[in-house]
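Down below is the structure, laid out as structure tokens.
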Amino acid sequence: MDRLEETTISRTIISTFHDKLLDRIVNDVLIVGAGPSGMMAAIRLARDGFKVTVLEKRLSPGGGLWGGGMAMSQAVIQDEALPLLDEIGVAHESASGGLHTTDAVELAAGLCLKTVQSGAALFNLMMVEDVCVQRERVTGVVVNRPLIGETLPVDPIMFSANAVVDGTGHDAAVVQALRRRGLLADVFTDRSREGPMDAAAGEAFVVENVAEAFPGLWVSGMSVCATFGGPRMGPIFGGMLLSGKRVAELVAAAVKEMRK
Ligand SMILES: Cc1cc2nc3c(=O)[nH]c(=O)nc-3n(C[C@H](O)[C@H](O)[C@H](O)COP(=O)(O)OP(=O)(O)OC[C@H]3O[C@@H](n4cnc5c(N)ncnc54)[C@H](O)[C@@H]3O)c2cc1C
């Protein structure tokens with residue numbers, strides 16, 4: 001075996017990462033936020049042949065999944081979302097009341113693995129701080145490294161896509177970027193606050209209200225509540241997976257239409 005050269009290790013990291021990054025500047029779909037809804041959407045879209053890149057600002061993708069409820073790392077899922085657990089390939093057990101449980105760490109890790117294995121690229125430590133808009137349509141996002149972008153005068157870089165999904169949870173970070181620029185109609189601003197906890201209503205809301213909030217920008221998961229004013233639902237995750245599945249269906253149809 002060759003002697004391990006420190007410089008070769010460094011060159012390998014730099015060249016393979018930059019090859020991957022260069023390949024992902026132009027995309028069919030950009031998904032901002034690697035929570036359960038964003039990764040479920042990425043899995044479905046990449047599996048269907050779209051070029052999908054997921055941008056996550058934290059070191060660990062998985063969003064709010066890891067901690068389950070109050071740091072008890074069990075994820076609770078309702079009947080309707082059970083086929084998605086099988087699709088991701090994680091073990092689950094039945095509980096009472098039409099509920100099922102899975103290890104939250106297994107689900108978070110399973111979503112990460114399935115996202116990458118489906119052909120999507122998943123970049124961590126990439127923070128979306130603004131949007132690109134051309135002819136009144138979102139055409140991409142503006143990205144910097146967390147901490148660097150927040151504390152130092154360092155310019156960001158841009159990624160483009162035919163469709164962008166805001167899967168950033170409570171932050172609704174991409175929607176907020178449009179609001180800051182005065183580009184969203186007042187109706188969104190008026191309904192921008194999440195409601196108090198109502199698990200059944202909140203779970204239904206995040207699926208039924210998945211929508212294109214601005215031309216080229218879709219919202220999924222908790223961002224749907226943050227954008228349109230639905231109730232929060234606490235530590236149940238089936239609605240997030242179903243919301244990701246729903247946004248994938250809408251985005252796939254829209255991107256196919258754009259290609260005609
Ligand atoms: C750390 C954390 C703790 C939570 N705790 C609770 C709780 O106690 N009770 C409750 O009801 N709900 C909580 N939530 C939300 C709850 O987990 C959600 O219901 C569920 O996880 C939402 O799923 P999601 O896919 O919509 O987004 P999330 O799971 O929230 O994931 C969103 C992802 O987007 C990333 N992100 C955000 N902004 C940007 C950006 N600008 N650029 C790139 N990536 C970005 C985040 O880092 C995160 O990984 C929490 C969420 C998080 C992230």
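Identifiers for the structure tokens are assigned positionally: chains receive A, B, ... in sequence, residues are indexed from 1 per chain, and ligands are indexed from 1 in the order shown.
Residues in contact with Ile25 in chain A at 9 Å, where only C-alpha atoms are counted and same-chain residues fewer than 6 positions away are skipped, are listed as Thr53, Met158, Phe159, Ser160 and Ala161 of chain A.
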Those residues you just picked out, can you put them in a file as a CSV table (one decimal), in the first residue's frame with C-alpha atoms?
chain,number,residue,atom,x,y,z
A,53,THR,CA,-29.7,19.7,-4.9
A,158,MET,CA,-25.6,31.6,-6.5
A,159,PHE,CA,-27.3,28.3,-7.5
A,160,SER,CA,-30.0,28.2,-10.2
A,161,ALA,CA,-33.0,26.0,-10.7
Within 12 Å of Pro231 in chain A using only C-alpha atoms, minus same-chain residues under 2 positions, as a ChimeraX atom specification: /A:170,191-206,209,221-229,233-234
Mind writing the picked residues with N, CA and C atoms as a PDB file, in the first residue's frame?
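For reference, result06.pdb as written:
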ATOM      1  N   HIS A 170     -39.894  26.423  10.472  1.00  0.00           N
ATOM      2  CA  HIS A 170     -40.471  27.642  11.049  1.00  0.00           C
ATOM      3  C   HIS A 170     -39.875  28.912  10.439  1.00  0.00           C
ATOM      4  N   ARG A 191     -50.970  36.800   6.869  1.00  0.00           N
ATOM      5  CA  ARG A 191     -51.216  35.449   7.385  1.00  0.00           C
ATOM      6  C   ARG A 191     -49.915  34.757   7.786  1.00  0.00           C
ATOM      7  N   SER A 192     -48.904  35.563   8.080  1.00  0.00           N
ATOM      8  CA  SER A 192     -47.572  34.967   8.204  1.00  0.00           C
ATOM      9  C   SER A 192     -47.286  34.331   9.556  1.00  0.00           C
ATOM     10  N   ARG A 193     -48.166  34.506  10.522  1.00  0.00           N
ATOM     11  CA  ARG A 193     -47.858  33.946  11.843  1.00  0.00           C
ATOM     12  C   ARG A 193     -48.447  32.551  12.011  1.00  0.00           C
ATOM     13  N   GLU A 194     -47.630  31.642  12.543  1.00  0.00           N
ATOM     14  CA  GLU A 194     -48.137  30.307  12.838  1.00  0.00           C
ATOM     15  C   GLU A 194     -49.170  30.366  13.953  1.00  0.00           C
ATOM     16  N   GLY A 195     -50.145  29.456  13.879  1.00  0.00           N
ATOM     17  CA  GLY A 195     -51.132  29.370  14.952  1.00  0.00           C
ATOM     18  C   GLY A 195     -50.640  28.484  16.080  1.00  0.00           C
ATOM     19  N   PRO A 196     -51.373  28.477  17.219  1.00  0.00           N
ATOM     20  CA  PRO A 196     -50.995  27.605  18.337  1.00  0.00           C
ATOM     21  C   PRO A 196     -51.210  26.128  18.000  1.00  0.00           C
ATOM     22  N   MET A 197     -50.768  25.263  18.887  1.00  0.00           N
ATOM     23  CA  MET A 197     -50.759  23.820  18.644  1.00  0.00           C
ATOM     24  C   MET A 197     -52.161  23.249  18.410  1.00  0.00           C
ATOM     25  N   ASP A 198     -52.306  22.529  17.305  1.00  0.00           N
ATOM     26  CA  ASP A 198     -53.508  21.732  17.017  1.00  0.00           C
ATOM     27  C   ASP A 198     -53.026  20.644  16.066  1.00  0.00           C
ATOM     28  N   ALA A 199     -52.679  19.472  16.636  1.00  0.00           N
ATOM     29  CA  ALA A 199     -51.950  18.447  15.871  1.00  0.00           C
ATOM     30  C   ALA A 199     -52.725  18.015  14.628  1.00  0.00           C
ATOM     31  N   ALA A 200     -54.030  17.699  14.780  1.00  0.00           N
ATOM     32  CA  ALA A 200     -54.787  17.177  13.631  1.00  0.00           C
ATOM     33  C   ALA A 200     -54.897  18.240  12.540  1.00  0.00           C
ATOM     34  N   ALA A 201     -55.271  19.456  12.949  1.00  0.00           N
ATOM     35  CA  ALA A 201     -55.440  20.525  11.955  1.00  0.00           C
ATOM     36  C   ALA A 201     -54.103  20.891  11.313  1.00  0.00           C
ATOM     37  N   GLY A 202     -53.049  20.941  12.121  1.00  0.00           N
ATOM     38  CA  GLY A 202     -51.727  21.307  11.598  1.00  0.00           C
ATOM     39  C   GLY A 202     -51.205  20.283  10.600  1.00  0.00           C
ATOM     40  N   GLU A 203     -51.398  18.989  10.918  1.00  0.00           N
ATOM     41  CA  GLU A 203     -50.916  17.939  10.017  1.00  0.00           C
ATOM     42  C   GLU A 203     -51.641  17.991   8.675  1.00  0.00           C
ATOM     43  N   ALA A 204     -52.950  18.246   8.726  1.00  0.00           N
ATOM     44  CA  ALA A 204     -53.700  18.357   7.467  1.00  0.00           C
ATOM     45  C   ALA A 204     -53.275  19.609   6.703  1.00  0.00           C
ATOM     46  N   PHE A 205     -53.067  20.700   7.443  1.00  0.00           N
ATOM     47  CA  PHE A 205     -52.760  21.991   6.823  1.00  0.00           C
ATOM     48  C   PHE A 205     -51.474  21.944   5.995  1.00  0.00           C
ATOM     49  N   VAL A 206     -50.433  21.267   6.544  1.00  0.00           N
ATOM     50  CA  VAL A 206     -49.139  21.292   5.836  1.00  0.00           C
ATOM     51  C   VAL A 206     -49.152  20.464   4.559  1.00  0.00           C
ATOM     52  N   ASN A 209     -52.064  22.649   1.989  1.00  0.00           N
ATOM     53  CA  ASN A 209     -51.695  24.014   1.570  1.00  0.00           C
ATOM     54  C   ASN A 209     -50.315  24.117   0.925  1.00  0.00           C
ATOM     55  N   GLY A 221     -43.746  21.477   4.196  1.00  0.00           N
ATOM     56  CA  GLY A 221     -43.507  21.249   5.617  1.00  0.00           C
ATOM     57  C   GLY A 221     -43.936  22.432   6.469  1.00  0.00           C
ATOM     58  N   MET A 222     -43.172  22.673   7.530  1.00  0.00           N
ATOM     59  CA  MET A 222     -43.541  23.720   8.490  1.00  0.00           C
ATOM     60  C   MET A 222     -43.526  25.112   7.862  1.00  0.00           C
ATOM     61  N   SER A 223     -42.800  25.248   6.759  1.00  0.00           N
ATOM     62  CA  SER A 223     -42.809  26.538   6.050  1.00  0.00           C
ATOM     63  C   SER A 223     -44.206  26.879   5.535  1.00  0.00           C
ATOM     64  N   VAL A 224     -45.016  25.847   5.278  1.00  0.00           N
ATOM     65  CA  VAL A 224     -46.390  26.092   4.826  1.00  0.00           C
ATOM     66  C   VAL A 224     -47.162  26.828   5.931  1.00  0.00           C
ATOM     67  N   CYS A 225     -46.994  26.359   7.186  1.00  0.00           N
ATOM     68  CA  CYS A 225     -47.675  27.030   8.306  1.00  0.00           C
ATOM     69  C   CYS A 225     -47.118  28.438   8.509  1.00  0.00           C
ATOM     70  N   ALA A 226     -45.791  28.560   8.422  1.00  0.00           N
ATOM     71  CA  ALA A 226     -45.179  29.871   8.640  1.00  0.00           C
ATOM     72  C   ALA A 226     -45.602  30.865   7.559  1.00  0.00           C
ATOM     73  N   THR A 227     -45.845  30.355   6.348  1.00  0.00           N
ATOM     74  CA  THR A 227     -46.193  31.244   5.228  1.00  0.00           C
ATOM     75  C   THR A 227     -47.675  31.582   5.216  1.00  0.00           C
ATOM     76  N   PHE A 228     -48.517  30.565   5.426  1.00  0.00           N
ATOM     77  CA  PHE A 228     -49.965  30.778   5.261  1.00  0.00           C
ATOM     78  C   PHE A 228     -50.735  30.856   6.580  1.00  0.00           C
ATOM     79  N   GLY A 229     -50.023  30.724   7.714  1.00  0.00           N
ATOM     80  CA  GLY A 229     -50.685  30.944   8.990  1.00  0.00           C
ATOM     81  C   GLY A 229     -51.420  29.754   9.562  1.00  0.00           C
ATOM     82  N   MET A 233     -47.982  21.731  15.011  1.00  0.00           N
ATOM     83  CA  MET A 233     -48.513  20.384  15.327  1.00  0.00           C
ATOM     84  C   MET A 233     -47.657  19.600  16.293  1.00  0.00           C
ATOM     85  N   GLY A 234     -46.519  20.144  16.699  1.00  0.00           N
ATOM     86  CA  GLY A 234     -45.692  19.448  17.672  1.00  0.00           C
ATOM     87  C   GLY A 234     -45.018  18.222  17.098  1.00  0.00           C
TER      88      GLY A 234
END
Shell around Gly119 in chain A at 8 Å using only C-alpha atoms, local window under 4 positions removed, as number ranges by chain: A: 43, 46-47, 51-52, 115
Which of range 44-245 of chain A DSSP labels strand (DSSP E or B), written as a ChimeraX atom specification: /A:52-55,68-69,72,74-78,93-94,99-103,121-123,127-134,137-144,157-166,195,211-214,217-219,231,236
Contacts of ligand 1, 6 Å or closer, only C-alpha atoms and all ligand atoms, given as a ChimeraX atom specification: /A:32-38,55-58,61-65,126-129,167-171,173,221-223,232-235,240
Contacts of Gly69 in chain A within 12 Å, only C-alpha atoms, excl. fewer than 2 positions in-chain, as a PyMOL selection string: chain A and resi 64-67+71-76+101+103-104+233-237
Distance query Ile157 in chain A at most 7 Å, only C-alpha atoms, self and fewer than 2 positions along chain excluded, as a PyMOL selection string: chain A and resi 142-144+155
Picked from range 9-213 of chain A by DSSP as helix (DSSP H, G or I), as a PyMOL selection string: chain A and resi 9-23+36-47+63-65+79-88+104-117+148-151+169-171+173-180+186-190+199-208
Proximity to Val174 in chain A - best of A:Val138, A:Val131, A:Ala109, A:Ile148, only C-alpha atoms: A:Val131
Selected residue, from A:Ile77, A:Leu125, A:Ala172, A:Leu113, that lies nearest to Ser96 in chain A when counting only C-alpha atoms: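 Of A:Ile77, A:Leu125, A:Ala172, A:Leu113, the one nearest Ser96 in chain A is A:Ile77, counting only C-alpha atoms.
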Counting only C-alpha atoms, the residue of A:Val54, A:Leu183, A:Leu22, A:Leu242 that sits nearest Leu85 in chain A: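 Of the candidates, the smallest distance to Leu85 in chain A is held by A:Leu242.
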Nearest to Val207 in chain A, chosen from A:Asp48, A:Asp130, A:Glu150, A:Glu80, with only C-alpha atoms counted in the distances: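 Distance minimum relative to Val207 in chain A lands on A:Glu80.
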Length of the CA of Val26 in chain A to CA of Val141 in chain A vector [Å]: 10.8 Å
CA of Ser118 in chain A to CA of Ala42 in chain A, distance in Å rounded to a single decimal: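 Computing the Euclidean distance for CA of Ser118 in chain A and CA of Ala42 in chain A yields 8.1 Å.
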